[in-house]
Amino acid sequence: MSLHPILHVEDSDEDVFLVHYSFKRAEITNPVHVVTDGQMAIDYLSGAGKFSDRTQFPLPGLVLLDLKLPHMTGMEVLAWIRQQPSLKRLIVIILSSSAQEGDIMRAYELGVNGFLVKPADANTLTDMCKALKHFWLTYNQSALEFLEVR
Amino acid sequence: MEAPTGGRAMRKESFNKTATEDTNISARRAASRSIAHTPRPAWLRYGVAIISVAAGWALRHALTPLIGPTELPFTVFFLPVVVTAAFGGGRAALLAIVLAGLAARWSFLEPLHSFSIPPWSGVVGLLVFIVVSLITTGAVEKLHQEKELLAVTLRSIGDAVIVTDARGRVTFLNPEAERLTGWKISEAKGQTLPAVFRILNELTRQPVEDPVEKVLRLRVVVGLGNHTILVAKNGAETCIDDSAAPIRDFSGGLVGTVLVFRDITEKRAAERAAARLASIVEDSQDAIIGKDLKGVVTNWNKAAERIFGYSPAEMVGQSIRILVPADRQEEEDRILATLARGERVEHLETIRKTKAGREINVAVSSSPIRDTEGLIIGASKIVRDITRRKAMEAELARVHADLEDHARKLETTVAERTAHLQETIAELEGVSYSLSHDMRAPLRTVQSFSQIVLAEAGEKLGALEKDLLQKSISAASRLDRLIRDVLTYSRVARERIELRTIDIEQLMRQIIDERPDLQPPKAEIEIQAPLQPVRGHEAYLSQCISNLLDNAVKFVPPDQQPRVRIWSEANDGQVRLWFEDNGIGIPKEAQERVFGLFQRVHPEKEFPGTGVGLTIVRKAVERMGGKAGVESEPGTGSRFWVQLEKGEGA
């Protein structure tokens with residue numbers, strides 16, 4: 001199982017709490033770094049400003065990205081990631097409040113790896129996190145290992 | 001009726017003559033020919049000389065017993081000479097003189113019965129006889145000739161002549177007078193003039209005063225007024241003009257009157273036609289101008305005066321060029337050249353100048369005028385003032401431009417409104433976006449946090465607290481579903497979709513396969529295959545089918561297994577899809593209401609729902625060009641239907 005950190009991009013404290021609570025229930029033990037807006041996400045990923053220390057803020061193995069964010073939307077962050085040569089293979093899962101057709105279409109066009117809709121039910125969220133753990137953190141082969149070797 | 005032959009040459013085409021007028025002329029000519037003087041034959045004239053002399057001889061013999069054999073040998077013979085001269089003319093009279101001289105010498109001069117020279121007194125008598133006879137013959141013949149001339153003149157002149165005596169009784173009518181009055185001279189003689197010469201005023205139709213009576217009274221020449229009509233014996237009417245004059249003898253005594261009159265019917269008709277024409281020309285709204293080939297004005301009507309401001313006196317004799325603006329003089333050259341070639345100028349729209357110097361728009365038509373020989377002697381010109389028309393055309397063009405301008409503005413307005421509408425739609429999309437993101441987030445928090453509290457602290461909570469948390473959870477969940485439904489509805493109402501043929505049967509089976517709650521033992525759904533394909537939109541159709549099936553299995557009494565039967569009907573290019581359930585049914589009065597937004601017929605507690613499902617169905621079907629409805633009987637179930645256009649290959 002990959003123990004690379006998870007970068008959680010989410011501006012809502014409640015949702016941060018819910019997701020972390022569900023991670024705990026789903027027994028996800030990876031370190032989780034939270035950033036609360038799009039610009040911070042980019043800063044973290046590019047190691048800019050206060051995120052320059054890679055030992056303290058290592059590159060994540062998975063980005064959990066909300067769409068509706070201050071300053072910069074999740075979609076813009078996704079587009080930016082896919083334009084970066086060193087980041088374009090990063091696993092990015094969108095965790096959105098709603099399943100707007102336009103958002104889903106656009107996200108896949110930009111190369112997202114998955115699109116999840118936040119369920120209203122806490123138990124469903126826990127189930128979703130369990131599935132995430134099994135698929136993305138356990139069975140899925142990410143490209144990160146090869147990048148680090150290089 | 002004799003045809004008019006010979007005489008003066010007539011150019012038929014130059015006279016617009018009626019058949020009646022032709023008849024008049026030929027009748028008159030025939031009359032004048034019948035009265036032409038025909039001389040008596042020579043044998044008659046000379047015969048008269050011989051017989052009258054013989055008669056004179058016999059008479060002298062008869063007188064012998066009274067006057068003796070040789071007295072007055074010549075006197076009696078003056079009679080035959082005069083008679084012969086009067087009847088047979090000069091030459092016959094000469095014969096009579098010779099014969100009478102010979103007869104008198106033979107029979108009544110010494111020596112009797114001899115042609116020897118008589119004694120001196122006899123020679124003198126013979127010479128006196130011959131001289132007196134010749135003088136008499138000359139006088140008689142002159143008189144005769146004058147009388148003949150007068151008669152022929154009276155007969156042959158075109159004017160009618162009636163002569164009366166001093167009492168006003170008709171003594172003579174010439175043939176023209178006979179024709180016009182309808183009286184023969186033989187009938188008319190001795191009649192009073194008013195009987196023969198009946199005249200009326202043409203306008204009042206009142207009898208006109210007898211001119212002869214007036215002449216006799218006033219002893220002066222009088223003329224009739226204009227507009228006099230002569231009524232003939234047979235009632236035919238003729239327009240005439242006339243004069244009547246007294247006839248006096250040498251001593252100045254009045255011996256009669258002569259009335260001369262003339263048929264002016266043709267002249268009056270021509271005058272009337274000319275007057276009519278003149279009045280038409282004069283009263284025309286268009287300027288009618290006559291000009292010669294040099295452009296000198298010969299005629300100028302009222303409209304010309306009105307349009308150009310020049311009076312006829314100012315224009316006639318002047319060049320038409322004073323009406324032509326300086327920069328168009330060469331146009332007048334072209335017009336005159338065209339006319340000189342005998343061609344017309346048709347509706348030339350140009351500009352002319354008035355007396356006041358104002359330039360006006362005119363339409364000019366001009367055609368050549370020919371004389372009776374066909375030579376072009378000038379031109380008639382019709383000028384219409386089209387300034388107003390031009391102004392109206394300009395006005396029309398302006399209105400048209402305004403209209404176009406208006407249309408353009410309208411287009412702009414439409415474009416602006418469309419843009420505005422699109423903006424509104426965009427805003428609406430923004431609203432629904434934030435609705436889906438921002439409104440659902442707090443709900444999620446309420447629901448999830450309540451669940452977490454329930455899970456983490458369940459044992460520490462009492463039954464009431466647990467129940468309240470549970471209610472919070474389900475309320476939030478219900479509100480979340482409502483939001484999702486409204487979002488679906490607004491999407492269905494707003495989105496642009498394209499229609500294509502959908503295999504409804506396959507779509508239906510797919511939906512049922514994915515939904516355990518639509519499968520036994522939860523529900524029994526029977527599809528009566530085949531279902532006709534329809535024209536629609538797959539996502540919309542599957543939304544409709546899901547909602548209808550949800551309802552069909554939901555609104556069923558708790559102890560009953562939902563049973564749904566689905567079939568299709570094709571009719572007139574349309575397919576109607578039926579969904580029959582065994583549910584609780586819908587009362588008649590609520591059957592239309594169930595399609596309204598947020599409308600619920602049954603209590604939320606018994607049958608949870610948002611009241612949006614059927615609204616979405618109807619809106620989606622309408623967006624696909626179809627209709628949706630329901631037939632229902634409370635207690636026995638409902639039959640919902642969706643009608644759409646038939647798909648291809650159906």
# chains A, B, ... in the order shown; residues from 1 in each chain; ligands from 1

call {"tool": "residues_around", "arguments": {"residues": "Asn140 (chain A)", "least_positions_apart": "3", "cutoff": "12 Å", "atoms": "only C-alpha atoms", "output": "PDB file with all heavy atoms, in the first residue's frame"}}
result
ATOM      1  N   MET A   1       0.832  -1.203   0.000  1.00  0.00           N
ATOM      2  CA  MET A   1       0.000   0.000   0.000  1.00  0.00           C
ATOM      3  C   MET A   1       0.866   1.252   0.000  1.00  0.00           C
ATOM      4  O   MET A   1       1.850   1.363   0.723  1.00  0.00           O
ATOM      5  CB  MET A   1      -0.908  -0.002   1.247  1.00  0.00           C
ATOM      6  CG  MET A   1      -1.717   1.269   1.313  1.00  0.00           C
ATOM      7  SD  MET A   1      -2.998   1.189   2.549  1.00  0.00           S
ATOM      8  CE  MET A   1      -3.248   2.899   2.829  1.00  0.00           C
ATOM      9  N   SER A   2       0.444   2.203  -0.897  1.00  0.00           N
ATOM     10  CA  SER A   2       1.216   3.438  -1.000  1.00  0.00           C
ATOM     11  C   SER A   2       1.023   4.290   0.235  1.00  0.00           C
ATOM     12  O   SER A   2      -0.080   4.428   0.727  1.00  0.00           O
ATOM     13  CB  SER A   2       0.745   4.221  -2.236  1.00  0.00           C
ATOM     14  OG  SER A   2       1.078   5.568  -2.080  1.00  0.00           O
ATOM     15  N   GLY A  61       0.830  11.537  -3.432  1.00  0.00           N
ATOM     16  CA  GLY A  61       0.554  10.425  -4.353  1.00  0.00           C
ATOM     17  C   GLY A  61      -0.831  10.565  -4.946  1.00  0.00           C
ATOM     18  O   GLY A  61      -1.146   9.964  -5.961  1.00  0.00           O
ATOM     19  N   LEU A  62      -1.654  11.387  -4.318  1.00  0.00           N
ATOM     20  CA  LEU A  62      -3.035  11.559  -4.792  1.00  0.00           C
ATOM     21  C   LEU A  62      -3.530  12.928  -4.357  1.00  0.00           C
ATOM     22  O   LEU A  62      -3.240  13.378  -3.256  1.00  0.00           O
ATOM     23  CB  LEU A  62      -3.908  10.448  -4.189  1.00  0.00           C
ATOM     24  CG  LEU A  62      -5.371  10.340  -4.608  1.00  0.00           C
ATOM     25  CD1 LEU A  62      -5.771   8.871  -4.615  1.00  0.00           C
ATOM     26  CD2 LEU A  62      -6.307  11.124  -3.702  1.00  0.00           C
ATOM     27  N   ILE A  91      -2.113  11.545  -9.818  1.00  0.00           N
ATOM     28  CA  ILE A  91      -3.492  11.079  -9.720  1.00  0.00           C
ATOM     29  C   ILE A  91      -4.326  12.168  -9.050  1.00  0.00           C
ATOM     30  O   ILE A  91      -4.018  12.596  -7.933  1.00  0.00           O
ATOM     31  CB  ILE A  91      -3.588   9.760  -8.935  1.00  0.00           C
ATOM     32  CG1 ILE A  91      -2.917   8.648  -9.770  1.00  0.00           C
ATOM     33  CG2 ILE A  91      -5.047   9.405  -8.637  1.00  0.00           C
ATOM     34  CD1 ILE A  91      -2.635   7.408  -8.978  1.00  0.00           C
ATOM     35  N   ASN A 113      -8.556  11.771 -13.024  1.00  0.00           N
ATOM     36  CA  ASN A 113      -8.544  10.317 -12.880  1.00  0.00           C
ATOM     37  C   ASN A 113      -9.837   9.765 -12.324  1.00  0.00           C
ATOM     38  O   ASN A 113     -10.158   8.593 -12.514  1.00  0.00           O
ATOM     39  CB  ASN A 113      -7.385   9.890 -11.965  1.00  0.00           C
ATOM     40  CG  ASN A 113      -6.040  10.277 -12.541  1.00  0.00           C
ATOM     41  OD1 ASN A 113      -5.581  11.404 -12.369  1.00  0.00           O
ATOM     42  ND2 ASN A 113      -5.417   9.366 -13.258  1.00  0.00           N
ATOM     43  N   ALA A 131     -13.492   2.510  -0.687  1.00  0.00           N
ATOM     44  CA  ALA A 131     -13.278   2.160  -2.092  1.00  0.00           C
ATOM     45  C   ALA A 131     -12.039   2.873  -2.623  1.00  0.00           C
ATOM     46  O   ALA A 131     -11.221   2.278  -3.351  1.00  0.00           O
ATOM     47  CB  ALA A 131     -14.500   2.565  -2.921  1.00  0.00           C
ATOM     48  N   LEU A 132     -11.896   4.151  -2.221  1.00  0.00           N
ATOM     49  CA  LEU A 132     -10.743   4.939  -2.654  1.00  0.00           C
ATOM     50  C   LEU A 132      -9.449   4.269  -2.199  1.00  0.00           C
ATOM     51  O   LEU A 132      -8.503   4.122  -2.974  1.00  0.00           O
ATOM     52  CB  LEU A 132     -10.869   6.340  -2.042  1.00  0.00           C
ATOM     53  CG  LEU A 132      -9.849   7.376  -2.488  1.00  0.00           C
ATOM     54  CD1 LEU A 132     -10.361   8.060  -3.754  1.00  0.00           C
ATOM     55  CD2 LEU A 132      -9.620   8.420  -1.396  1.00  0.00           C
ATOM     56  N   LYS A 133      -9.492   3.880  -0.937  1.00  0.00           N
ATOM     57  CA  LYS A 133      -8.305   3.247  -0.354  1.00  0.00           C
ATOM     58  C   LYS A 133      -7.939   1.973  -1.127  1.00  0.00           C
ATOM     59  O   LYS A 133      -6.792   1.758  -1.503  1.00  0.00           O
ATOM     60  CB  LYS A 133      -8.569   2.911   1.122  1.00  0.00           C
ATOM     61  CG  LYS A 133      -7.415   2.204   1.814  1.00  0.00           C
ATOM     62  CD  LYS A 133      -7.858   1.668   3.161  1.00  0.00           C
ATOM     63  CE  LYS A 133      -6.800   0.717   3.728  1.00  0.00           C
ATOM     64  NZ  LYS A 133      -7.367  -0.021   4.854  1.00  0.00           N
ATOM     65  N   HIS A 134      -8.952   1.140  -1.335  1.00  0.00           N
ATOM     66  CA  HIS A 134      -8.687  -0.128  -2.022  1.00  0.00           C
ATOM     67  C   HIS A 134      -8.187   0.079  -3.425  1.00  0.00           C
ATOM     68  O   HIS A 134      -7.221  -0.528  -3.838  1.00  0.00           O
ATOM     69  CB  HIS A 134      -9.963  -0.998  -2.052  1.00  0.00           C
ATOM     70  CG  HIS A 134     -10.215  -1.648  -0.742  1.00  0.00           C
ATOM     71  ND1 HIS A 134     -11.416  -1.586  -0.079  1.00  0.00           N
ATOM     72  CD2 HIS A 134      -9.408  -2.384   0.074  1.00  0.00           C
ATOM     73  CE1 HIS A 134     -11.339  -2.230   1.070  1.00  0.00           C
ATOM     74  NE2 HIS A 134     -10.128  -2.726   1.181  1.00  0.00           N
ATOM     75  N   PHE A 135      -8.852   0.940  -4.145  1.00  0.00           N
ATOM     76  CA  PHE A 135      -8.477   1.064  -5.544  1.00  0.00           C
ATOM     77  C   PHE A 135      -7.217   1.888  -5.741  1.00  0.00           C
ATOM     78  O   PHE A 135      -6.221   1.410  -6.264  1.00  0.00           O
ATOM     79  CB  PHE A 135      -9.629   1.659  -6.367  1.00  0.00           C
ATOM     80  CG  PHE A 135      -9.336   1.681  -7.840  1.00  0.00           C
ATOM     81  CD1 PHE A 135      -9.484   0.514  -8.606  1.00  0.00           C
ATOM     82  CD2 PHE A 135      -8.857   2.814  -8.465  1.00  0.00           C
ATOM     83  CE1 PHE A 135      -9.189   0.533  -9.948  1.00  0.00           C
ATOM     84  CE2 PHE A 135      -8.561   2.828  -9.809  1.00  0.00           C
ATOM     85  CZ  PHE A 135      -8.730   1.673 -10.564  1.00  0.00           C
ATOM     86  N   TRP A 136      -7.280   3.174  -5.311  1.00  0.00           N
ATOM     87  CA  TRP A 136      -6.198   4.089  -5.646  1.00  0.00           C
ATOM     88  C   TRP A 136      -4.959   3.912  -4.789  1.00  0.00           C
ATOM     89  O   TRP A 136      -3.847   4.112  -5.251  1.00  0.00           O
ATOM     90  CB  TRP A 136      -6.676   5.538  -5.540  1.00  0.00           C
ATOM     91  CG  TRP A 136      -7.691   5.892  -6.622  1.00  0.00           C
ATOM     92  CD1 TRP A 136      -8.990   6.106  -6.409  1.00  0.00           C
ATOM     93  CD2 TRP A 136      -7.424   6.036  -7.990  1.00  0.00           C
ATOM     94  NE1 TRP A 136      -9.613   6.359  -7.592  1.00  0.00           N
ATOM     95  CE2 TRP A 136      -8.653   6.330  -8.607  1.00  0.00           C
ATOM     96  CE3 TRP A 136      -6.286   5.917  -8.803  1.00  0.00           C
ATOM     97  CZ2 TRP A 136      -8.790   6.523  -9.955  1.00  0.00           C
ATOM     98  CZ3 TRP A 136      -6.435   6.125 -10.149  1.00  0.00           C
ATOM     99  CH2 TRP A 136      -7.666   6.427 -10.741  1.00  0.00           C
ATOM    100  N   LEU A 137      -5.171   3.535  -3.528  1.00  0.00           N
ATOM    101  CA  LEU A 137      -4.013   3.470  -2.636  1.00  0.00           C
ATOM    102  C   LEU A 137      -3.444   2.057  -2.520  1.00  0.00           C
ATOM    103  O   LEU A 137      -2.307   1.878  -2.103  1.00  0.00           O
ATOM    104  CB  LEU A 137      -4.381   3.997  -1.238  1.00  0.00           C
ATOM    105  CG  LEU A 137      -4.935   5.431  -1.211  1.00  0.00           C
ATOM    106  CD1 LEU A 137      -5.283   5.843   0.226  1.00  0.00           C
ATOM    107  CD2 LEU A 137      -3.914   6.402  -1.794  1.00  0.00           C
ATOM    108  N   ALA A 143       2.458   6.566 -11.115  1.00  0.00           N
ATOM    109  CA  ALA A 143       3.706   6.800 -11.827  1.00  0.00           C
ATOM    110  C   ALA A 143       4.757   7.442 -10.931  1.00  0.00           C
ATOM    111  O   ALA A 143       5.865   7.707 -11.358  1.00  0.00           O
ATOM    112  CB  ALA A 143       3.420   7.697 -13.039  1.00  0.00           C
ATOM    113  N   LEU A 144       4.372   7.709  -9.689  1.00  0.00           N
ATOM    114  CA  LEU A 144       5.221   8.501  -8.811  1.00  0.00           C
ATOM    115  C   LEU A 144       6.572   7.845  -8.533  1.00  0.00           C
ATOM    116  O   LEU A 144       7.601   8.519  -8.537  1.00  0.00           O
ATOM    117  CB  LEU A 144       4.459   8.775  -7.494  1.00  0.00           C
ATOM    118  CG  LEU A 144       4.979   9.932  -6.657  1.00  0.00           C
ATOM    119  CD1 LEU A 144       4.896  11.236  -7.448  1.00  0.00           C
ATOM    120  CD2 LEU A 144       4.193  10.048  -5.362  1.00  0.00           C
TER     121      LEU A 144
END

call {"tool": "residues_around", "arguments": {"residues": "Pro368 (chain B)", "least_positions_apart": "6", "cutoff": "7 Å", "atoms": "only C-alpha atoms", "output": "MDAnalysis selection string"}}
result
chainID B and resid 339 342:344 376 378:380

call {"tool": "write_last_selection", "arguments": {"atoms": "C-alpha atoms", "output": "tab-separated table (two decimals), in the first residue's frame"}}
result
chain	number	residue	atom	x	y	z
B	339	LEU	CA	-40.39	66.43	-83.51
B	342	GLY	CA	-42.06	63.35	-87.01
B	343	GLU	CA	-41.47	61.37	-83.83
B	344	ARG	CA	-43.12	61.80	-80.46
B	376	ILE	CA	-44.98	69.02	-89.94
B	378	GLY	CA	-45.24	72.55	-85.29
B	379	ALA	CA	-45.76	70.56	-82.16
B	380	SER	CA	-48.16	70.19	-79.31

call {"tool": "closest_residue", "arguments": {"among": "A:Cys129, A:Ile6, A:Met105, A:Val34", "to": "Leu59 (chain A)", "atoms": "only C-alpha atoms"}}
result
A:Ile6

call {"tool": "residues_around", "arguments": {"residues": "Gln100 (chain A)", "least_positions_apart": "6", "cutoff": "10 Å", "atoms": "only C-alpha atoms", "output": "PyMOL selection string"}}
result
(chain A and resi 117) or (chain B and resi 432-433+436-437+487-488+491)

call {"tool": "write_last_selection", "arguments": {"atoms": "all heavy atoms", "output": "PDB file, in the first residue's frame"}}
result
ATOM      1  N   VAL A 117     -18.867  12.403  -6.201  1.00  0.00           N
ATOM      2  CA  VAL A 117     -19.790  13.412  -5.683  1.00  0.00           C
ATOM      3  C   VAL A 117     -19.950  13.181  -4.190  1.00  0.00           C
ATOM      4  O   VAL A 117     -20.213  12.064  -3.749  1.00  0.00           O
ATOM      5  CB  VAL A 117     -21.151  13.327  -6.394  1.00  0.00           C
ATOM      6  CG1 VAL A 117     -22.125  14.337  -5.795  1.00  0.00           C
ATOM      7  CG2 VAL A 117     -20.988  13.601  -7.882  1.00  0.00           C
TER       8      VAL A 117
ATOM      9  N   SER B 432     -28.170  27.852 -10.536  1.00  0.00           N
ATOM     10  CA  SER B 432     -28.342  26.422 -10.286  1.00  0.00           C
ATOM     11  C   SER B 432     -27.011  25.790  -9.895  1.00  0.00           C
ATOM     12  O   SER B 432     -26.960  24.853  -9.106  1.00  0.00           O
ATOM     13  CB  SER B 432     -28.946  25.731 -11.510  1.00  0.00           C
ATOM     14  OG  SER B 432     -28.020  25.702 -12.551  1.00  0.00           O
ATOM     15  N   TYR B 433     -25.907  26.375 -10.434  1.00  0.00           N
ATOM     16  CA  TYR B 433     -24.590  25.858 -10.068  1.00  0.00           C
ATOM     17  C   TYR B 433     -24.323  26.062  -8.583  1.00  0.00           C
ATOM     18  O   TYR B 433     -23.980  25.139  -7.856  1.00  0.00           O
ATOM     19  CB  TYR B 433     -23.523  26.572 -10.910  1.00  0.00           C
ATOM     20  CG  TYR B 433     -22.159  25.973 -10.787  1.00  0.00           C
ATOM     21  CD1 TYR B 433     -21.808  24.845 -11.531  1.00  0.00           C
ATOM     22  CD2 TYR B 433     -21.202  26.524  -9.936  1.00  0.00           C
ATOM     23  CE1 TYR B 433     -20.554  24.296 -11.423  1.00  0.00           C
ATOM     24  CE2 TYR B 433     -19.945  25.978  -9.818  1.00  0.00           C
ATOM     25  CZ  TYR B 433     -19.615  24.856 -10.567  1.00  0.00           C
ATOM     26  OH  TYR B 433     -18.369  24.304 -10.451  1.00  0.00           O
ATOM     27  N   SER B 436     -26.536  23.928  -6.444  1.00  0.00           N
ATOM     28  CA  SER B 436     -26.114  22.542  -6.297  1.00  0.00           C
ATOM     29  C   SER B 436     -24.893  22.426  -5.402  1.00  0.00           C
ATOM     30  O   SER B 436     -24.728  21.452  -4.683  1.00  0.00           O
ATOM     31  CB  SER B 436     -25.854  21.930  -7.672  1.00  0.00           C
ATOM     32  OG  SER B 436     -24.939  22.723  -8.370  1.00  0.00           O
ATOM     33  N   HIS B 437     -24.012  23.462  -5.455  1.00  0.00           N
ATOM     34  CA  HIS B 437     -22.803  23.376  -4.636  1.00  0.00           C
ATOM     35  C   HIS B 437     -23.028  23.889  -3.224  1.00  0.00           C
ATOM     36  O   HIS B 437     -22.819  23.184  -2.259  1.00  0.00           O
ATOM     37  CB  HIS B 437     -21.673  24.170  -5.295  1.00  0.00           C
ATOM     38  CG  HIS B 437     -21.077  23.459  -6.453  1.00  0.00           C
ATOM     39  ND1 HIS B 437     -20.038  22.560  -6.336  1.00  0.00           N
ATOM     40  CD2 HIS B 437     -21.392  23.477  -7.772  1.00  0.00           C
ATOM     41  CE1 HIS B 437     -19.721  22.069  -7.509  1.00  0.00           C
ATOM     42  NE2 HIS B 437     -20.544  22.621  -8.414  1.00  0.00           N
ATOM     43  N   LEU B 487     -33.053  20.980  -9.586  1.00  0.00           N
ATOM     44  CA  LEU B 487     -31.943  21.172 -10.517  1.00  0.00           C
ATOM     45  C   LEU B 487     -32.183  20.411 -11.812  1.00  0.00           C
ATOM     46  O   LEU B 487     -31.949  20.922 -12.907  1.00  0.00           O
ATOM     47  CB  LEU B 487     -30.624  20.720  -9.877  1.00  0.00           C
ATOM     48  CG  LEU B 487     -30.044  21.694  -8.852  1.00  0.00           C
ATOM     49  CD1 LEU B 487     -28.839  21.057  -8.163  1.00  0.00           C
ATOM     50  CD2 LEU B 487     -29.627  22.998  -9.540  1.00  0.00           C
ATOM     51  N   THR B 488     -32.693  19.191 -11.675  1.00  0.00           N
ATOM     52  CA  THR B 488     -32.998  18.395 -12.863  1.00  0.00           C
ATOM     53  C   THR B 488     -34.055  19.104 -13.714  1.00  0.00           C
ATOM     54  O   THR B 488     -33.922  19.224 -14.934  1.00  0.00           O
ATOM     55  CB  THR B 488     -33.532  16.995 -12.450  1.00  0.00           C
ATOM     56  OG1 THR B 488     -32.561  16.378 -11.613  1.00  0.00           O
ATOM     57  CG2 THR B 488     -33.792  16.134 -13.669  1.00  0.00           C
ATOM     58  N   ARG B 491     -32.705  22.062 -15.476  1.00  0.00           N
ATOM     59  CA  ARG B 491     -31.843  21.640 -16.581  1.00  0.00           C
ATOM     60  C   ARG B 491     -32.697  21.216 -17.783  1.00  0.00           C
ATOM     61  O   ARG B 491     -32.444  21.606 -18.913  1.00  0.00           O
ATOM     62  CB  ARG B 491     -30.954  20.470 -16.122  1.00  0.00           C
ATOM     63  CG  ARG B 491     -29.774  20.235 -17.037  1.00  0.00           C
ATOM     64  CD  ARG B 491     -29.012  18.996 -16.652  1.00  0.00           C
ATOM     65  NE  ARG B 491     -29.769  17.795 -17.025  1.00  0.00           N
ATOM     66  CZ  ARG B 491     -30.006  16.767 -16.212  1.00  0.00           C
ATOM     67  NH1 ARG B 491     -29.561  16.781 -14.975  1.00  0.00           N
ATOM     68  NH2 ARG B 491     -30.700  15.730 -16.641  1.00  0.00           N
TER      69      ARG B 491
END

call {"tool": "closest_atom_pairs", "arguments": {"of": "chain B", "to": "chain A", "cutoff": "12 Å", "atoms": "only C-alpha atoms", "output": "tab-separated table"}}
result
residue	atom	partner	partner_atom	distance
B:Glu429	CA	A:Gln100	CA	10.4
B:Gly430	CA	A:Gln100	CA	11.5
B:Ser432	CA	A:Gln100	CA	9.5
B:Tyr433	CA	A:Gln100	CA	7.7
B:Ser434	CA	A:Lys68	CA	9.0
B:Leu435	CA	A:Ser98	CA	9.4
B:Ser436	CA	A:Ser98	CA	5.7
B:His437	CA	A:Ser97	CA	5.1
B:Asp438	CA	A:Ser97	CA	7.9
B:Met439	CA	A:Ser97	CA	9.3
B:Arg440	CA	A:Ser97	CA	7.0
B:Ala441	CA	A:Ser97	CA	6.7
B:Pro442	CA	A:Glu14	CA	8.6
B:Leu443	CA	A:Ala120	CA	7.1
B:Arg444	CA	A:Ala120	CA	4.3
B:Thr445	CA	A:Glu14	CA	6.4
B:Val446	CA	A:Ala120	CA	8.7
B:Gln447	CA	A:Ala120	CA	6.3
B:Ser448	CA	A:Ala122	CA	4.5
B:Phe449	CA	A:Ala122	CA	7.5
B:Ser450	CA	A:Ala122	CA	8.8
B:Gln451	CA	A:Ala122	CA	6.4
B:Ile452	CA	A:Ala122	CA	7.0
B:Val453	CA	A:Ala122	CA	10.6
B:Leu454	CA	A:Ala122	CA	10.9
B:Ala455	CA	A:Asn123	CA	9.8
B:Glu456	CA	A:Tyr21	CA	11.2
B:Ile473	CA	A:Asp121	CA	8.5
B:Ser474	CA	A:Asp121	CA	10.0
B:Ala475	CA	A:Ala120	CA	11.5
B:Ala476	CA	A:Ala120	CA	8.3
B:Ser477	CA	A:Ala120	CA	7.0
B:Arg478	CA	A:Ala120	CA	10.4
B:Leu479	CA	A:Ala120	CA	10.5
B:Asp480	CA	A:Ala120	CA	7.7
B:Arg481	CA	A:Ala120	CA	9.8
B:Ile483	CA	A:Ser98	CA	10.7
B:Arg484	CA	A:Ser98	CA	8.9
B:Leu487	CA	A:Gln100	CA	9.5
B:Thr488	CA	A:Gln100	CA	9.9
B:Arg491	CA	A:Gln100	CA	9.8
B:Glu495	CA	A:Glu101	CA	11.1
B:Ala539	CA	A:Glu101	CA	11.5

call {"tool": "closest_residue", "arguments": {"among": "A:Pro5, A:Pro60, A:Pro70, A:Gly111", "to": "Ser46 (chain A)", "atoms": "only C-alpha atoms"}}
result
A:Pro60

call {"tool": "residues_around", "arguments": {"residues": "Val170 (chain B)", "least_positions_apart": "2", "cutoff": "8 Å", "atoms": "only C-alpha atoms", "output": "list in words"}}
result
Ile162, Val163, Thr164, Asp165, Gly168, Phe172, Leu173, Ala188, Lys189, Gly190, Gln191, Thr192 and Leu193 of chain B

call {"tool": "select_by_dssp", "arguments": {"residues": "chain A", "states": "helix (DSSP H, G or I)", "output": "count of residues only"}}
result
68

call {"tool": "residues_around", "arguments": {"residues": "Gln591 (chain B)", "least_positions_apart": "2", "cutoff": "10 Å", "atoms": "only C-alpha atoms", "output": "PyMOL selection string"}}
result
chain B and resi 585-589+593-595+601+629-633+638

call {"tool": "residues_around", "arguments": {"residues": "Tyr108 (chain A)", "least_positions_apart": "2", "cutoff": "12 Å", "atoms": "only C-alpha atoms", "output": "PyMOL selection string"}}
result
chain A and resi 75+78-79+82+92-94+101-106+110-115

call {"tool": "residues_around", "arguments": {"residues": "Arg262 (chain B)", "least_positions_apart": "5", "cutoff": "9 Å", "atoms": "only C-alpha atoms", "output": "PyMOL selection string"}}
result
chain B and resi 158-161+176-177+180+239-242

call {"tool": "closest_residue", "arguments": {"among": "A:Val77, A:Leu116, A:Leu87, A:Val63", "to": "Asp37 (chain A)", "atoms": "only C-alpha atoms"}}
result
A:Val77

call {"tool": "select_by_dssp", "arguments": {"residues": "region 1-111 of chain A", "states": "strand (DSSP E or B)", "output": "list in words"}}
result
Ile6, Leu7, His8, Val9, Val32, His33, Val34, Val35, Leu62, Val63, Leu64, Leu65, Ile91, Val92, Ile93, Ile94, Leu95 and Ser96 of chain A
